[in-house]
Amino acid sequence: MREILIVGGGYAGFYTAWGLQKKLRPGEARVTVVDPRPYMTYQPFLPEVAAGSVEARHAVVSLRRHLRGTRLISGTVTRISNADRTVTVRPVRGDAYELGYDILVVTAGAVTRTFPIPGLAQRAIGLKHVEEAVAIRDRLMTAFDQAASLPAGPERRRLLTVTFVGGGFSGVEGFGELLSLATAMLRSYPELSPDDLSFHLVEARGRILPEVSDRPGAWVVGHLESRGAHVHLNTQLLSAEDGHVVLSDGTEYDSELLVWAAGNAANPVVHNHTDLPLDERGLLRARADLRVGTDAGPVPDVWTAGDDASIPDLASSVPGARTVPNAQHAVRQGRLLARNLVADLRGRRVRNYRHSSLGVVATLGLGRGIFQYKGIVIKGFPAWLMHRGYHVLAVPSWERKIRVLTVWLTGALTGRDLVSLASVQHPRNAFVTGGQPQMPSADRAKEGSTP
């Protein structure tokens, strides 16, 4: 059998392996997926996980449950040497080793792009993994509990101040959902008022949601501001040391929660540790048929898809356009990649990837959204329903569709579940302290105690 090695189990990698599992004949090839996580994250659900509208486990898809005929390796590929047809795997436990292949599929996915901003690494939480979304929700709800026991003043204001950096879809959706959650929570906290809340969205460009046109983007800004949010355009985060946020527009304030959603960067193994051809952005050069290479010729037996791939956008009228890194493309590229791999194994013709956008839809909080397809723009509740309808159809497997839909229907009948489980992030605290509550880490530091 030929060995097909898939680097990464995200959107593109999961759908490639899933498709191969259905299409390969017994004994035709063996498929191996290497990924440090045992699941694929359905990232469009992360804003709703942060708001508690989707259960965290329902936003991920188990690799072992759905890729039963695939060999799964829990680890990270740290180097690709196509000249030797090997990759270096660093397992979660144990020493690194080399793994050979006949056919390589690189779908390692992107990583969160960061900058050397003072305090960022110490204070910020990303919004790319389900663990981060859960932590964001728990931090906000814990802050409400603490603020409700304090008198009005700077400390209460700091606890209820939230900052999102990044005005793309991830940042805007997360911001809108968390603002909706915080506003709803005020009804359960009579000690607090809307004036205690302070939500800031920071974007370096002059507009948010670049995937939509100017007027809908401006409407989203106005909509968020009408709900009490502060949107800082043409503004950068300069510092976040000790939770004190300094922006380039001169604004300064203290913020308990800082969420970084300012875009993606190429995966380091692709950008720095491979002998495969890269473009100027550090992405793998790919042909329209998803082979790694250029129009002059492909690299034999090497394929790619998803956020790490620079793939020609045949549906675009712009010369030299490449597909944008989003879920629509990653899912469809993964499906086509599985078909092309099987066709290539059997000596048949492979097909080029071509996909015209189905439009863009975003949630802005419970009951609020925006949808645009070419010149058609839908706002508010209808767009929110379209968002939920699209994603419950798009999440893989009927099992996950049913679970997510059940949670949504339950929430519609019973309301939000306003429970914080922040203590699960430190499960030994109660055991170590004998059940005594611990003071916040900042206060422990002042007293010179150890965590």
# chains A, B, ... in the order shown; residues from 1 in each chain; ligands from 1
$ residues_around --residues "A:Leu67" --least-positions-apart "2" --cutoff "9 Å" --atoms "only C-alpha atoms" --output "PyMOL selection string"
chain A and resi 14+17-18+21+62-65+69-72
$ select_by_dssp --residues "stretch 201-240 of chain A" --states "helix (DSSP H, G or I)" --output "VMD selection string"
chain A and resid 214 to 226
$ write_last_selection --atoms "N, CA and C atoms" --output "PDB file, in the first residue's frame"
ATOM      1  N   ASP A 214     -18.350  48.504   1.890  1.00  0.00           N
ATOM      2  CA  ASP A 214     -18.185  49.618   2.819  1.00  0.00           C
ATOM      3  C   ASP A 214     -19.447  49.941   3.621  1.00  0.00           C
ATOM      4  N   ARG A 215     -20.602  50.033   2.948  1.00  0.00           N
ATOM      5  CA  ARG A 215     -21.813  50.447   3.658  1.00  0.00           C
ATOM      6  C   ARG A 215     -22.255  49.432   4.714  1.00  0.00           C
ATOM      7  N   PRO A 216     -22.297  48.129   4.403  1.00  0.00           N
ATOM      8  CA  PRO A 216     -22.614  47.185   5.477  1.00  0.00           C
ATOM      9  C   PRO A 216     -21.595  47.208   6.614  1.00  0.00           C
ATOM     10  N   GLY A 217     -20.292  47.389   6.272  1.00  0.00           N
ATOM     11  CA  GLY A 217     -19.279  47.478   7.312  1.00  0.00           C
ATOM     12  C   GLY A 217     -19.510  48.675   8.221  1.00  0.00           C
ATOM     13  N   ALA A 218     -19.879  49.819   7.622  1.00  0.00           N
ATOM     14  CA  ALA A 218     -20.171  51.014   8.417  1.00  0.00           C
ATOM     15  C   ALA A 218     -21.424  50.809   9.265  1.00  0.00           C
ATOM     16  N   TRP A 219     -22.402  50.067   8.731  1.00  0.00           N
ATOM     17  CA  TRP A 219     -23.606  49.784   9.508  1.00  0.00           C
ATOM     18  C   TRP A 219     -23.267  48.959  10.746  1.00  0.00           C
ATOM     19  N   VAL A 220     -22.369  47.998  10.609  1.00  0.00           N
ATOM     20  CA  VAL A 220     -21.980  47.165  11.752  1.00  0.00           C
ATOM     21  C   VAL A 220     -21.340  48.035  12.836  1.00  0.00           C
ATOM     22  N   VAL A 221     -20.476  48.975  12.430  1.00  0.00           N
ATOM     23  CA  VAL A 221     -19.858  49.876  13.406  1.00  0.00           C
ATOM     24  C   VAL A 221     -20.928  50.661  14.149  1.00  0.00           C
ATOM     25  N   GLY A 222     -21.861  51.244  13.393  1.00  0.00           N
ATOM     26  CA  GLY A 222     -22.932  52.006  14.027  1.00  0.00           C
ATOM     27  C   GLY A 222     -23.803  51.150  14.928  1.00  0.00           C
ATOM     28  N   HIS A 223     -24.053  49.928  14.494  1.00  0.00           N
ATOM     29  CA  HIS A 223     -24.872  49.015  15.297  1.00  0.00           C
ATOM     30  C   HIS A 223     -24.195  48.699  16.631  1.00  0.00           C
ATOM     31  N   LEU A 224     -22.894  48.388  16.590  1.00  0.00           N
ATOM     32  CA  LEU A 224     -22.179  48.080  17.822  1.00  0.00           C
ATOM     33  C   LEU A 224     -22.124  49.294  18.741  1.00  0.00           C
ATOM     34  N   GLU A 225     -21.896  50.469  18.178  1.00  0.00           N
ATOM     35  CA  GLU A 225     -21.834  51.680  18.996  1.00  0.00           C
ATOM     36  C   GLU A 225     -23.196  52.004  19.607  1.00  0.00           C
ATOM     37  N   SER A 226     -24.287  51.680  18.890  1.00  0.00           N
ATOM     38  CA  SER A 226     -25.620  51.927  19.448  1.00  0.00           C
ATOM     39  C   SER A 226     -25.905  51.041  20.648  1.00  0.00           C
TER      40      SER A 226
END
$ select_by_dssp --residues "stretch 38-286 of chain A" --states "strand (DSSP E)" --output "VMD selection string"
chain A and resid 39 to 41 60 to 62 71 to 81 86 to 91 97 to 100 103 to 106 111 to 112 124 to 126 161 to 165 198 to 202 230 to 232 237 to 239 244 to 247 252 to 254 257 to 260 264 to 265 284 to 285
$ closest_atom_pairs --of "stretch 233-311 of chain A" --to "stretch 81-98 of chain A" --cutoff "12 Å" --atoms "only C-alpha atoms" --output "Markdown table"
| residue | atom | partner | partner_atom | distance |
| --- | --- | --- | --- | --- |
| A:Val269 | CA | A:Thr88 | CA | 10.1 |
| A:Val270 | CA | A:Ser81 | CA | 11.0 |
| A:Asn272 | CA | A:Ser81 | CA | 11.7 |
| A:His273 | CA | A:Ser81 | CA | 8.3 |
| A:Thr274 | CA | A:Ser81 | CA | 6.0 |
| A:Asp275 | CA | A:Ser81 | CA | 5.9 |
| A:Leu276 | CA | A:Asn82 | CA | 7.0 |
| A:Pro277 | CA | A:Asn82 | CA | 10.6 |
| A:Val292 | CA | A:Asn82 | CA | 11.4 |
| A:Val299 | CA | A:Asn82 | CA | 9.3 |
| A:Pro300 | CA | A:Asn82 | CA | 9.7 |
| A:Asp301 | CA | A:Asn82 | CA | 9.7 |
| A:Val302 | CA | A:Asn82 | CA | 8.5 |
| A:Trp303 | CA | A:Asn82 | CA | 11.7 |
$ write_last_selection --atoms "N, CA and C atoms" --output "short mmCIF file (atom, residue, chain, number, x, y, z; two decimals), in the first residue's frame"
data_model
loop_
_atom_site.label_atom_id
_atom_site.label_comp_id
_atom_site.auth_asym_id
_atom_site.auth_seq_id
_atom_site.Cartn_x
_atom_site.Cartn_y
_atom_site.Cartn_z
N VAL A 269 6.04 25.41 10.69
CA VAL A 269 6.67 24.29 9.99
C VAL A 269 6.68 24.52 8.49
N VAL A 270 5.67 25.22 7.98
CA VAL A 270 5.62 25.53 6.55
C VAL A 270 6.53 26.71 6.24
N ASN A 272 9.14 27.94 7.94
CA ASN A 272 10.57 27.91 8.29
C ASN A 272 11.24 26.55 8.16
N HIS A 273 10.48 25.46 8.11
CA HIS A 273 11.11 24.14 8.24
C HIS A 273 10.67 23.17 7.15
N THR A 274 10.76 23.59 5.92
CA THR A 274 10.41 22.71 4.81
C THR A 274 11.25 23.07 3.59
N ASP A 275 11.46 22.08 2.71
CA ASP A 275 12.16 22.34 1.45
C ASP A 275 11.18 22.46 0.29
N LEU A 276 9.89 22.62 0.61
CA LEU A 276 8.88 22.81 -0.43
C LEU A 276 8.83 24.28 -0.84
N PRO A 277 8.38 24.57 -2.07
CA PRO A 277 8.40 25.97 -2.57
C PRO A 277 7.37 26.84 -1.86
N VAL A 292 1.20 20.88 -4.89
CA VAL A 292 2.23 21.87 -4.60
C VAL A 292 3.08 22.03 -5.85
N VAL A 299 5.26 19.56 -7.81
CA VAL A 299 6.17 18.73 -7.03
C VAL A 299 5.53 17.35 -6.93
N PRO A 300 6.17 16.30 -7.37
CA PRO A 300 5.52 14.98 -7.40
C PRO A 300 5.01 14.53 -6.03
N ASP A 301 3.76 14.10 -6.01
CA ASP A 301 3.14 13.46 -4.84
C ASP A 301 3.06 14.36 -3.61
N VAL A 302 2.97 15.66 -3.82
CA VAL A 302 2.80 16.58 -2.69
C VAL A 302 1.60 17.47 -2.99
N TRP A 303 0.66 17.51 -2.05
CA TRP A 303 -0.59 18.24 -2.21
C TRP A 303 -0.79 19.17 -1.02
#
$ residues_around --residues "A:His387" --least-positions-apart "6" --cutoff "8 Å" --atoms "only C-alpha atoms" --output "number ranges by chain"
A: 361-363, 369, 371
$ closest_residue --among "A:Val34, A:Leu364, A:Val105, A:Ala184" --to "A:Thr78" --atoms "only C-alpha atoms"
A:Val34
$ atom_distance --atom1 "atom CA of A:Leu150" --atom2 "atom CA of A:Ala430"
24.1 Å
$ closest_residue --among "A:Thr163, A:Ser397, A:Thr112, A:Gln43" --to "A:Ala133" --atoms "only C-alpha atoms"
A:Gln43
$ closest_residue --among "A:Leu181, A:Val324, A:Ile73, A:Leu237" --to "A:Gly250" --atoms "only C-alpha atoms"
A:Leu237
$ residues_around --residues "A:Gly228" --least-positions-apart "2" --cutoff "9 Å" --atoms "only C-alpha atoms" --output "PyMOL selection string"
chain A and resi 179+194-195+197-199+224-226+230
$ write_last_selection --atoms "N, CA and C atoms" --output "PDB file, in the first residue's frame"
ATOM      1  N   LEU A 179     -20.551  40.964  23.936  1.00  0.00           N
ATOM      2  CA  LEU A 179     -21.324  42.143  24.320  1.00  0.00           C
ATOM      3  C   LEU A 179     -22.770  41.762  24.589  1.00  0.00           C
ATOM      4  N   PRO A 194     -25.707  49.250  33.097  1.00  0.00           N
ATOM      5  CA  PRO A 194     -25.043  49.321  31.786  1.00  0.00           C
ATOM      6  C   PRO A 194     -23.859  50.285  31.759  1.00  0.00           C
ATOM      7  N   ASP A 195     -23.899  51.305  32.603  1.00  0.00           N
ATOM      8  CA  ASP A 195     -22.786  52.264  32.634  1.00  0.00           C
ATOM      9  C   ASP A 195     -21.498  51.639  33.158  1.00  0.00           C
ATOM     10  N   LEU A 197     -20.367  48.739  32.205  1.00  0.00           N
ATOM     11  CA  LEU A 197     -19.748  47.987  31.118  1.00  0.00           C
ATOM     12  C   LEU A 197     -18.953  48.902  30.201  1.00  0.00           C
ATOM     13  N   SER A 198     -17.821  48.405  29.707  1.00  0.00           N
ATOM     14  CA  SER A 198     -17.010  49.166  28.757  1.00  0.00           C
ATOM     15  C   SER A 198     -16.380  48.173  27.785  1.00  0.00           C
ATOM     16  N   PHE A 199     -16.886  48.151  26.560  1.00  0.00           N
ATOM     17  CA  PHE A 199     -16.409  47.228  25.531  1.00  0.00           C
ATOM     18  C   PHE A 199     -15.709  48.017  24.428  1.00  0.00           C
ATOM     19  N   LEU A 224     -22.894  48.388  16.590  1.00  0.00           N
ATOM     20  CA  LEU A 224     -22.179  48.080  17.822  1.00  0.00           C
ATOM     21  C   LEU A 224     -22.124  49.294  18.741  1.00  0.00           C
ATOM     22  N   GLU A 225     -21.896  50.469  18.178  1.00  0.00           N
ATOM     23  CA  GLU A 225     -21.834  51.680  18.996  1.00  0.00           C
ATOM     24  C   GLU A 225     -23.196  52.004  19.607  1.00  0.00           C
ATOM     25  N   SER A 226     -24.287  51.680  18.890  1.00  0.00           N
ATOM     26  CA  SER A 226     -25.620  51.927  19.448  1.00  0.00           C
ATOM     27  C   SER A 226     -25.905  51.041  20.648  1.00  0.00           C
ATOM     28  N   HIS A 230     -17.394  50.790  22.067  1.00  0.00           N
ATOM     29  CA  HIS A 230     -16.463  51.780  21.525  1.00  0.00           C
ATOM     30  C   HIS A 230     -15.653  51.100  20.417  1.00  0.00           C
TER      31      HIS A 230
END
$ closest_residue --among "A:Arg322, A:His355, A:His200, A:Arg400" --to "A:Val259" --atoms "only C-alpha atoms"
A:His200
$ residues_around --residues "stretch 338-349 of chain A" --least-positions-apart "5" --cutoff "12 Å" --atoms "only C-alpha atoms" --output "ChimeraX atom specification"
/A:1-6,12-25,28-29,31,102-105,288-291,300-305,331-333
$ closest_residue --among "A:Gln328, A:Ser248, A:Ser170, A:Thr294" --to "A:Phe45" --atoms "only C-alpha atoms"
A:Ser170
$ closest_residue --among "A:Val49, A:Val424, A:Val61, A:Val172" --to "A:Trp398" --atoms "only C-alpha atoms"
A:Val61
$ residues_around --residues "A:His129" --least-positions-apart "2" --cutoff "12 Å" --atoms "only C-alpha atoms" --output "PyMOL selection string"
chain A and resi 10+37+39-47+49-50+56-57+59-60+110-112+125-127+131-136+170+261
$ residues_around --residues "A:Arg156" --least-positions-apart "2" --cutoff "12 Å" --atoms "only C-alpha atoms" --output "list of chain:residue names"
A:Ala143, A:Phe144, A:Asp145, A:Gln146, A:Ala147, A:Ala148, A:Ser149, A:Leu150, A:Pro151, A:Ala152, A:Gly153, A:Pro154, A:Arg158, A:Leu159, A:Leu160, A:Thr161, A:Glu191, A:Leu192, A:Ser193, A:Asp195, A:Asp196, A:Leu197, A:Ser198, A:Asp254, A:Ser255, A:Glu256
$ write_last_selection --atoms "N, CA and C atoms" --output "PDB file, in the first residue's frame"
ATOM      1  N   ALA A 143     -15.591  37.866  36.312  1.00  0.00           N
ATOM      2  CA  ALA A 143     -15.459  39.310  36.529  1.00  0.00           C
ATOM      3  C   ALA A 143     -16.778  39.922  36.996  1.00  0.00           C
ATOM      4  N   PHE A 144     -17.908  39.448  36.464  1.00  0.00           N
ATOM      5  CA  PHE A 144     -19.209  39.943  36.908  1.00  0.00           C
ATOM      6  C   PHE A 144     -19.426  39.615  38.386  1.00  0.00           C
ATOM      7  N   ASP A 145     -19.105  38.380  38.770  1.00  0.00           N
ATOM      8  CA  ASP A 145     -19.291  37.996  40.167  1.00  0.00           C
ATOM      9  C   ASP A 145     -18.448  38.866  41.097  1.00  0.00           C
ATOM     10  N   GLN A 146     -17.201  39.119  40.719  1.00  0.00           N
ATOM     11  CA  GLN A 146     -16.318  39.929  41.545  1.00  0.00           C
ATOM     12  C   GLN A 146     -16.746  41.393  41.571  1.00  0.00           C
ATOM     13  N   ALA A 147     -17.155  41.922  40.412  1.00  0.00           N
ATOM     14  CA  ALA A 147     -17.542  43.332  40.333  1.00  0.00           C
ATOM     15  C   ALA A 147     -18.807  43.609  41.140  1.00  0.00           C
ATOM     16  N   ALA A 148     -19.712  42.633  41.193  1.00  0.00           N
ATOM     17  CA  ALA A 148     -20.974  42.842  41.915  1.00  0.00           C
ATOM     18  C   ALA A 148     -20.762  43.026  43.409  1.00  0.00           C
ATOM     19  N   SER A 149     -19.631  42.559  43.933  1.00  0.00           N
ATOM     20  CA  SER A 149     -19.363  42.695  45.369  1.00  0.00           C
ATOM     21  C   SER A 149     -18.538  43.930  45.692  1.00  0.00           C
ATOM     22  N   LEU A 150     -18.222  44.730  44.683  1.00  0.00           N
ATOM     23  CA  LEU A 150     -17.408  45.921  44.880  1.00  0.00           C
ATOM     24  C   LEU A 150     -18.258  47.183  44.732  1.00  0.00           C
ATOM     25  N   PRO A 151     -17.865  48.265  45.414  1.00  0.00           N
ATOM     26  CA  PRO A 151     -18.554  49.543  45.187  1.00  0.00           C
ATOM     27  C   PRO A 151     -18.167  50.113  43.834  1.00  0.00           C
ATOM     28  N   ALA A 152     -18.979  51.025  43.330  1.00  0.00           N
ATOM     29  CA  ALA A 152     -18.656  51.688  42.069  1.00  0.00           C
ATOM     30  C   ALA A 152     -17.311  52.386  42.191  1.00  0.00           C
ATOM     31  N   GLY A 153     -16.484  52.216  41.156  1.00  0.00           N
ATOM     32  CA  GLY A 153     -15.159  52.809  41.196  1.00  0.00           C
ATOM     33  C   GLY A 153     -14.237  52.195  40.167  1.00  0.00           C
ATOM     34  N   PRO A 154     -12.952  52.541  40.199  1.00  0.00           N
ATOM     35  CA  PRO A 154     -12.010  52.072  39.180  1.00  0.00           C
ATOM     36  C   PRO A 154     -11.880  50.557  39.097  1.00  0.00           C
ATOM     37  N   ARG A 158     -12.649  48.346  35.872  1.00  0.00           N
ATOM     38  CA  ARG A 158     -11.631  47.523  35.220  1.00  0.00           C
ATOM     39  C   ARG A 158     -12.140  46.109  34.984  1.00  0.00           C
ATOM     40  N   LEU A 159     -12.806  45.541  35.978  1.00  0.00           N
ATOM     41  CA  LEU A 159     -13.301  44.172  35.850  1.00  0.00           C
ATOM     42  C   LEU A 159     -14.299  44.031  34.715  1.00  0.00           C
ATOM     43  N   LEU A 160     -15.068  45.071  34.444  1.00  0.00           N
ATOM     44  CA  LEU A 160     -16.121  44.999  33.433  1.00  0.00           C
ATOM     45  C   LEU A 160     -15.716  45.682  32.127  1.00  0.00           C
ATOM     46  N   THR A 161     -14.409  45.832  31.928  1.00  0.00           N
ATOM     47  CA  THR A 161     -13.897  46.395  30.673  1.00  0.00           C
ATOM     48  C   THR A 161     -13.291  45.286  29.832  1.00  0.00           C
ATOM     49  N   GLU A 191     -26.852  44.808  41.190  1.00  0.00           N
ATOM     50  CA  GLU A 191     -25.845  45.736  41.721  1.00  0.00           C
ATOM     51  C   GLU A 191     -25.140  46.505  40.607  1.00  0.00           C
ATOM     52  N   LEU A 192     -25.239  45.994  39.372  1.00  0.00           N
ATOM     53  CA  LEU A 192     -24.511  46.580  38.252  1.00  0.00           C
ATOM     54  C   LEU A 192     -25.472  47.264  37.284  1.00  0.00           C
ATOM     55  N   SER A 193     -24.939  48.198  36.515  1.00  0.00           N
ATOM     56  CA  SER A 193     -25.741  48.924  35.528  1.00  0.00           C
ATOM     57  C   SER A 193     -25.014  48.932  34.193  1.00  0.00           C
ATOM     58  N   ASP A 195     -23.899  51.305  32.603  1.00  0.00           N
ATOM     59  CA  ASP A 195     -22.786  52.264  32.634  1.00  0.00           C
ATOM     60  C   ASP A 195     -21.498  51.639  33.158  1.00  0.00           C
ATOM     61  N   ASP A 196     -21.618  50.508  33.863  1.00  0.00           N
ATOM     62  CA  ASP A 196     -20.420  49.842  34.376  1.00  0.00           C
ATOM     63  C   ASP A 196     -19.675  49.081  33.288  1.00  0.00           C
ATOM     64  N   LEU A 197     -20.367  48.739  32.205  1.00  0.00           N
ATOM     65  CA  LEU A 197     -19.748  47.987  31.118  1.00  0.00           C
ATOM     66  C   LEU A 197     -18.953  48.902  30.201  1.00  0.00           C
ATOM     67  N   SER A 198     -17.821  48.405  29.707  1.00  0.00           N
ATOM     68  CA  SER A 198     -17.010  49.166  28.757  1.00  0.00           C
ATOM     69  C   SER A 198     -16.380  48.173  27.785  1.00  0.00           C
ATOM     70  N   ASP A 254      -7.861  50.709  31.903  1.00  0.00           N
ATOM     71  CA  ASP A 254      -7.541  49.389  32.449  1.00  0.00           C
ATOM     72  C   ASP A 254      -8.589  48.391  31.980  1.00  0.00           C
ATOM     73  N   SER A 255      -8.131  47.214  31.554  1.00  0.00           N
ATOM     74  CA  SER A 255      -9.040  46.204  31.000  1.00  0.00           C
ATOM     75  C   SER A 255      -8.731  44.851  31.617  1.00  0.00           C
ATOM     76  N   GLU A 256      -9.764  44.204  32.157  1.00  0.00           N
ATOM     77  CA  GLU A 256      -9.596  42.885  32.755  1.00  0.00           C
ATOM     78  C   GLU A 256      -9.421  41.796  31.694  1.00  0.00           C
TER      79      GLU A 256
END
$ decode --residues "stretch 113-137 of chain A" --atoms "N, CA and C atoms" --output "tab-separated table (two decimals), in the first residue's frame"
chain	number	residue	atom	x	y	z
A	113	ARG	N	-1.46	35.34	14.47
A	113	ARG	CA	-0.38	36.31	14.21
A	113	ARG	C	-0.29	37.28	15.39
A	114	THR	N	0.91	37.40	15.95
A	114	THR	CA	1.12	38.31	17.07
A	114	THR	C	2.27	39.26	16.78
A	115	PHE	N	2.39	40.26	17.63
A	115	PHE	CA	3.44	41.27	17.49
A	115	PHE	C	4.08	41.49	18.87
A	116	PRO	N	5.31	42.00	18.90
A	116	PRO	CA	5.98	42.21	20.19
A	116	PRO	C	5.46	43.45	20.93
A	117	ILE	N	4.21	43.40	21.32
A	117	ILE	CA	3.58	44.50	22.04
A	117	ILE	C	3.74	44.26	23.54
A	118	PRO	N	4.23	45.22	24.30
A	118	PRO	CA	4.41	45.01	25.74
A	118	PRO	C	3.13	44.55	26.42
A	119	GLY	N	3.22	43.46	27.16
A	119	GLY	CA	2.09	42.94	27.91
A	119	GLY	C	1.17	42.01	27.14
A	120	LEU	N	1.32	41.93	25.80
A	120	LEU	CA	0.40	41.12	25.00
A	120	LEU	C	0.50	39.65	25.36
A	121	ALA	N	1.70	39.12	25.39
A	121	ALA	CA	1.87	37.69	25.67
A	121	ALA	C	1.41	37.33	27.08
A	122	GLN	N	1.49	38.27	28.00
A	122	GLN	CA	1.12	37.98	29.38
A	122	GLN	C	-0.39	38.13	29.64
A	123	ARG	N	-1.07	38.99	28.86
A	123	ARG	CA	-2.46	39.33	29.19
A	123	ARG	C	-3.50	38.81	28.21
A	124	ALA	N	-3.13	38.63	26.95
A	124	ALA	CA	-4.14	38.37	25.92
A	124	ALA	C	-4.53	36.91	25.82
A	125	ILE	N	-5.76	36.68	25.35
A	125	ILE	CA	-6.27	35.36	25.01
A	125	ILE	C	-6.62	35.39	23.53
A	126	GLY	N	-6.28	34.34	22.80
A	126	GLY	CA	-6.66	34.26	21.40
A	126	GLY	C	-8.09	33.77	21.24
A	127	LEU	N	-8.53	33.66	19.99
A	127	LEU	CA	-9.86	33.14	19.70
A	127	LEU	C	-9.78	32.22	18.49
A	128	LYS	N	-8.90	31.21	18.62
A	128	LYS	CA	-8.70	30.27	17.53
A	128	LYS	C	-8.96	28.83	17.96
A	129	HIS	N	-8.96	28.58	19.26
A	129	HIS	CA	-9.17	27.23	19.78
A	129	HIS	C	-10.30	27.24	20.80
A	130	VAL	N	-10.94	26.09	20.96
A	130	VAL	CA	-12.11	26.02	21.83
A	130	VAL	C	-11.75	26.31	23.27
A	131	GLU	N	-10.54	25.94	23.70
A	131	GLU	CA	-10.12	26.23	25.07
A	131	GLU	C	-10.08	27.74	25.32
A	132	GLU	N	-9.67	28.49	24.32
A	132	GLU	CA	-9.62	29.95	24.46
A	132	GLU	C	-11.03	30.53	24.58
A	133	ALA	N	-11.96	30.03	23.77
A	133	ALA	CA	-13.34	30.53	23.83
A	133	ALA	C	-13.96	30.26	25.20
A	134	VAL	N	-13.70	29.07	25.75
A	134	VAL	CA	-14.22	28.75	27.08
A	134	VAL	C	-13.61	29.66	28.14
A	135	ALA	N	-12.30	29.91	28.03
A	135	ALA	CA	-11.63	30.78	29.00
A	135	ALA	C	-12.18	32.20	28.94
A	136	ILE	N	-12.47	32.69	27.74
A	136	ILE	CA	-13.02	34.04	27.59
A	136	ILE	C	-14.37	34.15	28.30
A	137	ARG	N	-15.23	33.17	28.08
A	137	ARG	CA	-16.54	33.17	28.74
A	137	ARG	C	-16.39	33.14	30.26
